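*Asks:* What follows is model.csv, made up of CSV, C-alpha atoms and all ligand atoms:
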chain,number,residue,atom,x,y,z
A,1141,MET,CA,24.4,-5.7,-3.1
A,1142,GLY,CA,26.6,-5.0,-0.1
A,1143,THR,CA,27.8,-7.6,2.3
A,1144,PRO,CA,25.1,-10.2,2.8
A,1145,ARG,CA,23.5,-10.4,6.2
A,1146,VAL,CA,23.7,-13.9,7.6
A,1147,PHE,CA,21.7,-15.3,10.4
A,1148,SER,CA,21.4,-18.8,11.9
A,1149,GLY,CA,20.5,-20.5,15.2
A,1150,ILE,CA,21.0,-23.7,17.2
A,1151,GLN,CA,19.1,-25.2,20.1
A,1152,PRO,CA,20.8,-25.8,23.4
A,1153,THR,CA,19.0,-29.1,23.9
A,1154,ALA,CA,21.9,-31.4,24.4
A,1155,ASP,CA,25.2,-31.5,26.4
A,1156,SER,CA,27.1,-31.3,23.1
A,1157,PHE,CA,26.5,-30.5,19.4
A,1158,HIS,CA,26.9,-33.5,17.1
A,1159,LEU,CA,28.8,-34.1,13.9
A,1160,GLY,CA,25.6,-33.3,11.8
A,1161,ASN,CA,25.2,-29.9,13.5
A,1162,TYR,CA,28.9,-29.2,12.9
A,1163,LEU,CA,29.2,-30.2,9.3
A,1164,GLY,CA,25.6,-29.2,8.2
A,1165,ALA,CA,25.6,-25.8,9.9
A,1166,VAL,CA,28.3,-24.5,12.3
A,1167,LYS,CA,31.2,-25.1,9.9
A,1168,GLN,CA,29.5,-22.8,7.4
A,1169,TRP,CA,28.8,-20.3,10.1
A,1170,VAL,CA,32.5,-20.0,10.7
A,1171,ASP,CA,33.2,-19.5,7.0
A,1172,LEU,CA,30.4,-17.0,6.5
A,1173,GLN,CA,31.5,-14.7,9.3
A,1174,GLU,CA,34.5,-13.8,7.0
A,1175,THR,CA,32.3,-12.8,4.0
A,1176,GLY,CA,29.0,-11.9,5.5
A,1177,ASP,CA,27.7,-9.6,8.2
A,1178,ALA,CA,26.8,-12.5,10.5
A,1179,LEU,CA,24.6,-13.1,13.6
A,1180,TYR,CA,24.5,-16.4,15.3
A,1181,CYS,CA,22.0,-17.3,18.1
A,1182,VAL,CA,21.7,-19.9,20.8
A,1183,VAL,CA,17.9,-20.3,20.6
A,1184,ASP,CA,16.9,-21.1,24.2
A,1185,LEU,CA,13.3,-20.0,23.6
A,1186,HIS,CA,12.9,-22.8,21.1
A,1187,ALA,CA,14.4,-25.2,23.6
A,1188,ILE,CA,11.4,-24.8,25.9
A,1189,THR,CA,8.9,-26.1,23.4
A,1190,MET,CA,9.6,-29.6,24.8
A,1191,PRO,CA,9.5,-30.5,28.5
A,1192,TYR,CA,12.8,-29.2,30.1
A,1193,ASP,CA,14.6,-28.5,33.3
A,1194,PRO,CA,15.7,-24.8,33.9
A,1195,ALA,CA,19.0,-25.6,35.5
A,1196,THR,CA,19.9,-28.0,32.6
A,1197,LEU,CA,18.8,-25.4,30.0
A,1198,ARG,CA,21.0,-22.7,31.7
A,1199,ARG,CA,24.0,-25.0,31.6
A,1200,ARG,CA,23.4,-26.1,28.0
A,1201,THR,CA,23.0,-22.6,26.8
A,1202,ARG,CA,26.5,-21.8,28.1
A,1203,VAL,CA,28.0,-25.0,26.7
A,1204,ALA,CA,26.4,-24.2,23.4
A,1205,ALA,CA,27.9,-20.7,23.3
A,1206,ALA,CA,31.3,-22.0,24.4
A,1207,GLN,CA,31.3,-24.6,21.7
A,1208,LEU,CA,30.5,-22.1,19.1
A,1209,ILE,CA,33.4,-19.9,20.1
A,1210,ALA,CA,35.6,-22.9,20.3
A,1211,THR,CA,34.6,-24.0,16.8
A,1212,GLY,CA,35.8,-20.7,15.4
A,1213,LEU,CA,33.1,-18.1,15.8
A,1214,ASP,CA,34.9,-14.9,16.7
A,1215,PRO,CA,32.8,-12.4,18.6
A,1216,GLU,CA,34.8,-9.6,17.0
A,1217,ARG,CA,33.7,-10.8,13.5
A,1218,CYS,CA,30.1,-11.9,14.2
A,1219,ILE,CA,27.4,-11.2,16.7
A,1220,LEU,CA,26.9,-14.2,19.0
A,1221,PHE,CA,24.0,-14.0,21.4
A,1222,VAL,CA,21.3,-15.9,23.3
A,1223,GLN,CA,17.8,-15.5,21.9
A,1224,SER,CA,15.9,-14.9,25.2
A,1225,GLN,CA,18.2,-11.8,25.9
A,1226,VAL,CA,16.6,-10.1,22.9
A,1227,PRO,CA,12.8,-9.9,23.8
A,1228,GLU,CA,11.9,-8.7,20.3
A,1229,HIS,CA,12.1,-12.3,19.0
A,1230,ALA,CA,9.0,-13.3,21.0
A,1231,GLU,CA,7.3,-10.0,20.1
A,1232,LEU,CA,7.7,-10.4,16.4
A,1233,ALA,CA,6.8,-14.1,16.7
A,1234,TRP,CA,3.3,-13.1,17.9
A,1235,VAL,CA,2.8,-10.8,14.9
A,1236,LEU,CA,3.9,-13.5,12.5
A,1237,SER,CA,1.7,-16.1,14.2
A,1238,CYS,CA,-1.3,-13.9,13.5
A,1239,LEU,CA,-0.3,-14.0,9.8
A,1240,THR,CA,0.1,-17.8,9.6
A,1241,GLY,CA,-2.8,-20.0,8.7
A,1242,PHE,CA,-3.6,-22.8,11.1
A,1243,GLY,CA,-3.5,-25.3,8.2
A,1244,GLU,CA,-0.2,-23.9,7.0
A,1245,ALA,CA,1.4,-24.4,10.4
A,1246,SER,CA,-0.1,-27.9,10.7
A,1247,ARG,CA,1.8,-28.9,7.5
A,1248,MET,CA,5.2,-28.4,9.1
A,1249,THR,CA,6.7,-31.9,9.1
A,1250,GLN,CA,9.0,-31.3,12.1
A,1251,PHE,CA,5.9,-30.5,14.2
A,1252,LYS,CA,4.1,-33.5,12.9
A,1253,ASP,CA,7.1,-35.8,13.7
A,1254,LYS,CA,7.8,-34.3,17.2
A,1255,SER,CA,4.2,-34.2,18.3
A,1256,ALA,CA,3.5,-37.7,17.0
A,1257,LYS,CA,6.4,-39.0,19.2
A,1258,GLY,CA,5.0,-37.9,22.5
A,1259,GLY,CA,1.3,-38.1,21.4
A,1260,ALA,CA,-0.4,-35.2,19.8
A,1261,GLU,CA,-2.4,-34.4,23.0
A,1262,THR,CA,0.7,-33.7,25.1
A,1263,ALA,CA,2.5,-31.5,22.5
A,1264,SER,CA,2.7,-27.9,23.6
A,1265,VAL,CA,1.2,-25.0,21.7
A,1266,GLY,CA,4.8,-23.6,21.6
A,1267,LEU,CA,5.9,-26.6,19.6
A,1268,PHE,CA,3.2,-25.7,17.1
A,1269,THR,CA,4.2,-22.1,16.8
A,1270,TYR,CA,8.0,-22.9,16.8
A,1271,PRO,CA,8.3,-22.1,13.1
A,1272,MET,CA,6.9,-18.6,13.5
A,1273,LEU,CA,9.4,-17.9,16.3
A,1274,MET,CA,12.1,-19.2,13.9
A,1275,ALA,CA,10.8,-16.8,11.2
A,1276,ALA,CA,10.9,-14.0,13.7
A,1277,ASP,CA,14.6,-14.8,14.5
A,1278,ILE,CA,15.5,-14.5,10.8
A,1279,LEU,CA,13.3,-11.6,9.8
A,1280,LEU,CA,14.2,-9.3,12.7
A,1281,TYR,CA,17.7,-8.9,11.2
A,1282,ARG,CA,16.7,-8.4,7.6
A,1283,THR,CA,18.6,-11.5,6.8
A,1284,ASP,CA,19.8,-12.4,3.2
A,1285,GLU,CA,21.2,-15.9,3.9
A,1286,VAL,CA,20.4,-18.6,6.4
A,1287,PRO,CA,23.0,-21.4,6.7
A,1288,VAL,CA,21.2,-24.6,7.9
A,1289,GLY,CA,20.9,-28.3,7.2
A,1290,GLU,CA,18.2,-29.9,5.0
A,1291,ASP,CA,15.8,-30.5,7.9
A,1292,GLN,CA,15.2,-26.7,8.2
A,1293,ARG,CA,14.3,-26.1,4.5
A,1294,GLN,CA,10.5,-26.2,5.1
A,1295,HIS,CA,10.8,-23.7,8.0
A,1296,LEU,CA,12.8,-21.4,5.8
A,1297,GLU,CA,10.2,-21.6,3.1
A,1298,LEU,CA,7.6,-20.5,5.7
A,1299,SER,CA,9.8,-17.6,6.8
A,1300,ARG,CA,10.0,-16.5,3.1
A,1301,ASN,CA,6.3,-16.7,2.8
A,1302,LEU,CA,5.7,-14.7,5.9
A,1303,ALA,CA,8.1,-12.0,4.9
A,1304,GLN,CA,6.4,-11.7,1.5
A,1305,ARG,CA,2.9,-11.7,3.1
A,1306,PHE,CA,3.7,-9.0,5.6
A,1307,ASN,CA,5.4,-6.9,2.9
A,1308,HIS,CA,2.4,-7.3,0.6
A,1309,ARG,CA,-0.2,-6.5,3.2
A,1310,PHE,CA,1.5,-3.7,5.2
A,1311,GLY,CA,4.3,-2.4,3.0
A,1312,GLU,CA,8.0,-3.4,2.3
A,1313,THR,CA,9.5,-4.2,5.7
A,1314,PHE,CA,11.3,-7.5,5.6
A,1315,THR,CA,14.1,-8.9,3.5
A,1316,VAL,CA,13.1,-12.3,2.0
A,1317,PRO,CA,15.7,-14.7,3.2
A,1318,ALA,CA,17.4,-17.4,1.1
A,1319,PRO,CA,18.4,-20.8,2.4
A,1320,TYR,CA,22.2,-21.5,2.3
A,1321,ILE,CA,22.3,-25.3,2.2
A,1322,LEU,CA,25.3,-27.2,1.0
A,1323,PRO,CA,24.0,-30.5,-0.6
A,1324,ALA,CA,27.1,-32.6,0.4
A,1325,VAL,CA,26.6,-32.0,4.1
A,1326,ALA,CA,22.9,-31.1,4.3
A,1327,LYS,CA,22.0,-34.4,5.8
A,1328,ILE,CA,24.6,-36.3,7.8
A,1329,THR,CA,23.1,-39.6,8.7
A,1330,ASP,CA,23.1,-41.8,11.8
A,1331,LEU,CA,26.1,-44.2,12.0
A,1332,GLN,CA,23.9,-47.1,13.0
A,1333,ASP,CA,21.0,-46.3,10.8
A,1334,PRO,CA,22.5,-44.6,7.7
A,1335,THR,CA,19.2,-43.8,6.0
A,1336,SER,CA,18.0,-41.6,8.9
A,1337,LYS,CA,19.3,-38.2,9.9
A,1338,MET,CA,21.9,-38.0,12.8
A,1339,SER,CA,19.7,-36.4,15.4
A,1340,LYS,CA,20.1,-35.4,19.0
A,1341,SER,CA,16.5,-36.3,19.8
A,1342,SER,CA,16.2,-39.6,18.0
A,1343,SER,CA,19.6,-41.2,17.4
A,1344,ALA,CA,21.0,-43.8,19.8
A,1345,PRO,CA,24.3,-42.8,21.4
A,1346,GLN,CA,26.3,-45.2,19.1
A,1347,GLY,CA,24.7,-43.5,16.0
A,1348,ILE,CA,25.8,-40.0,16.9
A,1349,ILE,CA,29.3,-38.5,17.3
A,1350,ASP,CA,29.3,-35.6,19.7
A,1351,LEU,CA,31.7,-32.7,19.2
A,1352,LEU,CA,32.7,-33.1,22.9
A,1353,ASP,CA,33.1,-36.9,22.8
A,1354,GLU,CA,36.4,-38.3,24.0
A,1355,PRO,CA,38.8,-39.6,21.3
A,1356,ALA,CA,38.3,-43.3,22.3
A,1357,ALA,CA,34.5,-42.9,22.0
A,1358,ILE,CA,34.8,-41.3,18.6
A,1359,ARG,CA,37.1,-44.0,17.2
A,1360,LYS,CA,34.8,-46.8,18.6
A,1361,LYS,CA,31.7,-45.3,17.1
A,1362,ILE,CA,33.3,-45.0,13.7
A,1363,ASN,CA,34.7,-48.5,13.8
A,1364,ARG,CA,31.3,-49.8,14.5
A,1365,ALA,CA,29.5,-47.7,12.0
A,1366,VAL,CA,27.1,-49.8,9.9
A,1367,THR,CA,28.4,-50.4,6.3
A,1368,ASP,CA,27.6,-53.3,4.0
A,1369,THR,CA,28.9,-56.7,3.0
A,1370,GLU,CA,31.1,-55.5,0.2
A,1371,SER,CA,34.6,-54.3,0.8
A,1372,VAL,CA,34.7,-51.4,-1.8
A,1373,VAL,CA,34.9,-47.8,-0.7
A,1374,ARG,CA,32.8,-45.8,-3.1
A,1375,VAL,CA,29.9,-43.3,-3.2
A,1376,ASP,CA,26.6,-45.0,-3.8
A,1377,ASP,CA,23.6,-43.6,-1.9
A,1378,GLU,CA,21.3,-46.4,-2.8
A,1379,ALA,CA,23.4,-49.5,-2.4
A,1380,LYS,CA,25.9,-48.2,0.2
A,1381,PRO,CA,24.3,-45.5,2.4
A,1382,GLY,CA,26.7,-46.2,5.4
A,1383,VAL,CA,29.9,-46.0,3.4
A,1384,THR,CA,28.6,-43.0,1.5
A,1385,ASN,CA,27.8,-41.1,4.7
A,1386,LEU,CA,31.3,-41.8,6.0
A,1387,LEU,CA,32.9,-40.6,2.7
A,1388,ARG,CA,30.9,-37.4,2.9
A,1389,ILE,CA,32.0,-36.8,6.5
A,1390,TYR,CA,35.6,-37.5,5.4
A,1391,ALA,CA,35.4,-35.2,2.4
A,1392,ALA,CA,33.9,-32.4,4.4
A,1393,LEU,CA,36.5,-32.6,7.1
A,1394,CYS,CA,39.6,-32.8,4.8
A,1395,GLY,CA,38.3,-30.7,1.9
A,1396,GLU,CA,39.0,-33.4,-0.8
A,1397,LYS,CA,36.3,-34.8,-3.1
A,1398,ALA,CA,34.5,-37.9,-1.9
A,1399,ASP,CA,35.3,-39.8,-5.1
A,1400,ASP,CA,39.0,-39.1,-4.8
A,1401,ILE,CA,39.1,-40.4,-1.3
A,1402,ALA,CA,37.1,-43.5,-2.3
A,1403,ALA,CA,39.6,-44.1,-5.2
A,1404,ARG,CA,42.5,-44.1,-2.7
A,1405,TYR,CA,41.0,-46.9,-0.6
A,1406,GLY,CA,39.4,-48.8,-3.5
A,1407,ASP,CA,38.5,-52.4,-2.6
A,1408,GLY,CA,40.9,-52.9,0.3
A,1409,GLY,CA,38.1,-53.2,2.9
A,1410,TYR,CA,36.8,-50.7,5.4
A,1411,GLY,CA,39.2,-51.1,8.3
A,1412,GLY,CA,41.9,-48.7,7.2
A,1413,PHE,CA,39.3,-46.3,5.8
A,1414,LYS,CA,37.5,-46.2,9.2
A,1415,LYS,CA,40.7,-45.9,11.1
A,1416,ASP,CA,41.8,-42.8,9.1
A,1417,LEU,CA,38.4,-41.2,9.4
A,1418,GLY,CA,38.5,-41.8,13.1
A,1419,ASP,CA,41.9,-40.0,13.3
A,1420,LEU,CA,40.5,-37.1,11.2
A,1421,VAL,CA,37.4,-36.6,13.4
A,1422,VAL,CA,39.5,-36.8,16.5
A,1423,ASP,CA,42.1,-34.3,15.1
A,1424,THR,CA,39.3,-31.9,14.3
A,1425,PHE,CA,37.2,-32.3,17.5
A,1426,SER,CA,39.9,-32.6,20.2
A,1427,PRO,CA,41.1,-28.9,20.0
A,1428,ILE,CA,37.4,-27.8,20.0
A,1429,ARG,CA,36.7,-29.9,23.1
A,1430,GLU,CA,39.7,-28.5,24.9
A,1431,ARG,CA,38.9,-24.9,24.0
A,1432,THR,CA,35.2,-25.4,25.0
A,1433,ALA,CA,36.4,-26.4,28.5
A,1434,ARG,CA,38.6,-23.4,28.7
A,1435,TYR,CA,35.8,-21.0,27.7
A,1436,LEU,CA,33.5,-22.7,30.2
A,1437,SER,CA,36.0,-22.2,33.0
A,1438,ASP,CA,35.6,-18.4,32.9
A,1439,ASP,CA,32.0,-17.5,33.5
A,1440,ALA,CA,32.6,-13.7,33.6
A,1441,ALA,CA,34.3,-13.7,30.2
A,1442,LEU,CA,31.6,-15.8,28.6
A,1443,ASP,CA,28.8,-13.6,30.1
A,1444,ALA,CA,30.6,-10.5,28.8
A,1445,VAL,CA,30.7,-11.9,25.3
A,1446,LEU,CA,27.1,-12.9,25.3
A,1447,ASN,CA,25.8,-9.7,26.9
A,1448,GLU,CA,27.7,-7.6,24.3
A,1449,GLY,CA,26.3,-9.8,21.5
A,1450,ALA,CA,22.8,-9.4,22.8
A,1451,ARG,CA,23.3,-5.6,23.1
A,1452,ARG,CA,24.4,-5.4,19.5
A,1453,ALA,CA,21.7,-7.7,18.2
A,1454,ARG,CA,19.1,-5.8,20.1
A,1455,LYS,CA,20.0,-2.6,18.4
A,1456,ILE,CA,19.1,-4.1,15.0
A,1457,ALA,CA,16.1,-5.9,16.4
A,1458,THR,CA,14.5,-2.8,17.9
A,1459,GLU,CA,14.9,-0.9,14.7
A,1460,THR,CA,13.1,-3.6,12.8
A,1461,MET,CA,10.4,-3.8,15.5
A,1462,ALA,CA,9.8,-0.1,15.4
A,1463,ARG,CA,9.0,-0.4,11.7
A,1464,VAL,CA,6.8,-3.5,12.3
A,1465,ARG,CA,4.9,-1.7,15.1
A,1466,GLU,CA,4.3,1.3,12.9
A,1467,ARG,CA,3.1,-0.8,9.9
A,1468,SER,CA,1.0,-3.0,12.2
A,1469,GLY,CA,-0.9,-0.1,13.6
A,1470,PHE,CA,0.6,-0.2,17.1
A,1471,PRO,CA,1.8,2.9,19.0
A,1472,PRO,CA,5.6,3.1,19.4
A,1473,ALA,CA,7.2,1.1,22.3
A,1474,VAL,CA,8.0,3.4,25.3
A,1501,LIG,P1,19.0,-27.6,15.5
A,1501,LIG,O1,19.4,-27.0,16.8
A,1501,LIG,O2,18.2,-28.8,15.5
A,1501,LIG,O3,20.2,-27.8,14.6
A,1501,LIG,C1,21.2,-26.9,14.3
A,1501,LIG,C2,21.7,-26.9,12.9
A,1501,LIG,O4,22.2,-28.2,12.6
A,1501,LIG,C3,21.6,-28.7,11.4
A,1501,LIG,N1,21.6,-30.2,11.5
A,1501,LIG,C4,22.1,-31.0,10.6
A,1501,LIG,N2,22.7,-30.8,9.4
A,1501,LIG,C5,23.2,-31.9,8.7
A,1501,LIG,N3,23.0,-33.1,9.1
A,1501,LIG,C6,22.3,-33.4,10.2
A,1501,LIG,N4,22.1,-34.7,10.6
A,1501,LIG,C7,21.9,-32.3,11.0
A,1501,LIG,N5,21.2,-32.3,12.2
A,1501,LIG,C8,21.0,-30.9,12.5
A,1501,LIG,C9,20.2,-28.1,11.4
A,1501,LIG,O5,19.7,-28.1,10.1
A,1501,LIG,C10,20.5,-26.7,11.9
A,1501,LIG,O6,21.0,-25.9,10.9
A,1501,LIG,N6,15.1,-24.7,14.2
A,1501,LIG,C11,16.5,-24.8,14.2
A,1501,LIG,C12,17.1,-23.7,15.1
A,1501,LIG,C13,16.7,-22.3,14.7
A,1501,LIG,C14,17.2,-21.6,13.5
A,1501,LIG,C15,16.6,-20.3,13.7
A,1501,LIG,C16,18.0,-21.9,12.5
A,1501,LIG,C17,15.9,-21.5,15.4
A,1501,LIG,N7,15.8,-20.3,14.8
A,1501,LIG,C18,16.8,-19.3,12.7
A,1501,LIG,C19,18.2,-20.9,11.5
A,1501,LIG,C20,17.6,-19.7,11.6
A,1501,LIG,C21,16.9,-26.1,14.9
A,1501,LIG,O7,16.2,-26.7,15.6
A,1501,LIG,O8,18.2,-26.5,14.6
Translate the structure of the given file into structure tokens.
Ligand code: TYM
*Replies:*
Amino acid sequence: MGTPRVFSGIQPTADSFHLGNYLGAVKQWVDLQETGDALYCVVDLHAITMPYDPATLRRRTRVAAAQLIATGLDPERCILFVQSQVPEHAELAWVLSCLTGFGEASRMTQFKDKSAKGGAETASVGLFTYPMLMAADILLYRTDEVPVGEDQRQHLELSRNLAQRFNHRFGETFTVPAPYILPAVAKITDLQDPTSKMSKSSSAPQGIIDLLDEPAAIRKKINRAVTDTESVVRVDDEAKPGVTNLLRIYAALCGEKADDIAARYGDGGYGGFKKDLGDLVVDTFSPIRERTARYLSDDAALDAVLNEGARRARKIATETMARVRERSGFPPAV
């Protein structure tokens, strides 16, 4: 095995990434660009599966890219690009949609949840075929590892199945990708509802910490995070989901074990623990917020990075698509 090919994506559907995106995914992206041959993508085609405004999408795509660079993605060490600039994603998604069973797609829990929210009748067909577009993202680059949070596991399983199905029917073409999910950070929960995932679409503002939040807002949200009526800081998913979530966040940010952190605070109440965690989040996010603003202030430089990323990604994507076209019985693209 040579260097593993790594691919992952994030939707530009909010004005900021949140703590769950950061700890569950983006932090690993930064690490994996050192050891893997990595591509990271702002998936704007996925963002139009729900009703949207073009000007807002355009702005959020840039904010997303700027945050990724500010977090530590280095365009010299990974390929950072915007999905819609590489048209092969949509092309392969069609081929994969034709290999996916209607029943198989209907079982995707994210589709069921999202379509149930707005009423199944109003959900777009794009929302239904979303997982096949995600499979196309991954398979186009012959990806070995996909760093994501737990909520993407089922989509990854579909991607694996589609790779195997295509290979079996038409000949070895795709690498079968493996999920890269770190259990300790795979599901960061809502600060107000610590048994639910922190989510840009369903969390209330007090339940979610944004990467671009001001320090005062971060401290306030952590101080008000739901805990329990005890005063002992310890890991206990069943009895203490709120404190356990805060401990996991703390551990992931400082690199210590959650149990060791808990032992330091013991039964002294939650005030000091929350204050220190607030400081830790602020110290991590403030430099990212400042760098994001800097990258956003130079449109030409950001465009140059993204155009170059798309050019490099497209080179790989067109090679894969040429093989897919040949195996599928299509004439070569002209
Ligand atoms: P998205 O944009 O919803 O989220 C981006 C990443 O953040 C992770 N994540 C979390 N991790 C831990 N705790 C949380 N509370 C939390 N909330 C979000 C997500 O698991 C994800 O890794 N479908 C994808 C985007 C996508 C993609 C791809 C990912 C499109 N194509 C190809 C990987 C490979 C999505 O909507 O992620």
*Asks:* Which residues are near ligand LIG 1501 (chain A) in this structure, taking near to mean any atom at most 9 Å from a ligand atom and counting only C-alpha atoms and all ligand atoms? Format them as a PyMOL selection string.
*Replies:* chain A and resi 1147-1153+1157-1166+1180-1187+1223+1270-1271+1273-1279+1286-1293+1295-1296+1321+1325-1330+1336-1341
*Asks:* Taking into account all atoms listed in the file, which residue in the set A:Ile1401, A:Met1461, A:Leu1417, A:Ala1391 is nearest to Asn1363 (chain A)?
*Replies:*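 Distance minimum relative to Asn1363 (chain A) lands on A:Leu1417.
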*Asks:* Select, from A:Thr1313, A:Ser1371, A:Asn1301, A:Asn1385, the residue with the minimum atom-to-atom distance to Gln1332 (chain A), counting only C-alpha atoms.
*Replies:*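 Among the listed residues, A:Asn1385 lies closest to Gln1332 (chain A).
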*Asks:* As a PyMOL selection string, please: the residues near region 1446-1455 of chain A (cut-off 12 Å, all atoms listed in the file, same-chain neighbours under 4 positions excluded).
*Replies:* chain A and resi 1147+1177-1182+1201-1202+1204-1206+1208-1209+1214-1229+1277-1278+1280-1282+1439-1442+1459-1462
*Asks:* In Å, how far is it from CA of Asp1155 (chain A) to CA of Pro1319 (chain A)?
*Replies:*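 One can read the CA of Asp1155 (chain A) to CA of Pro1319 (chain A) distance as 27.1 Å.
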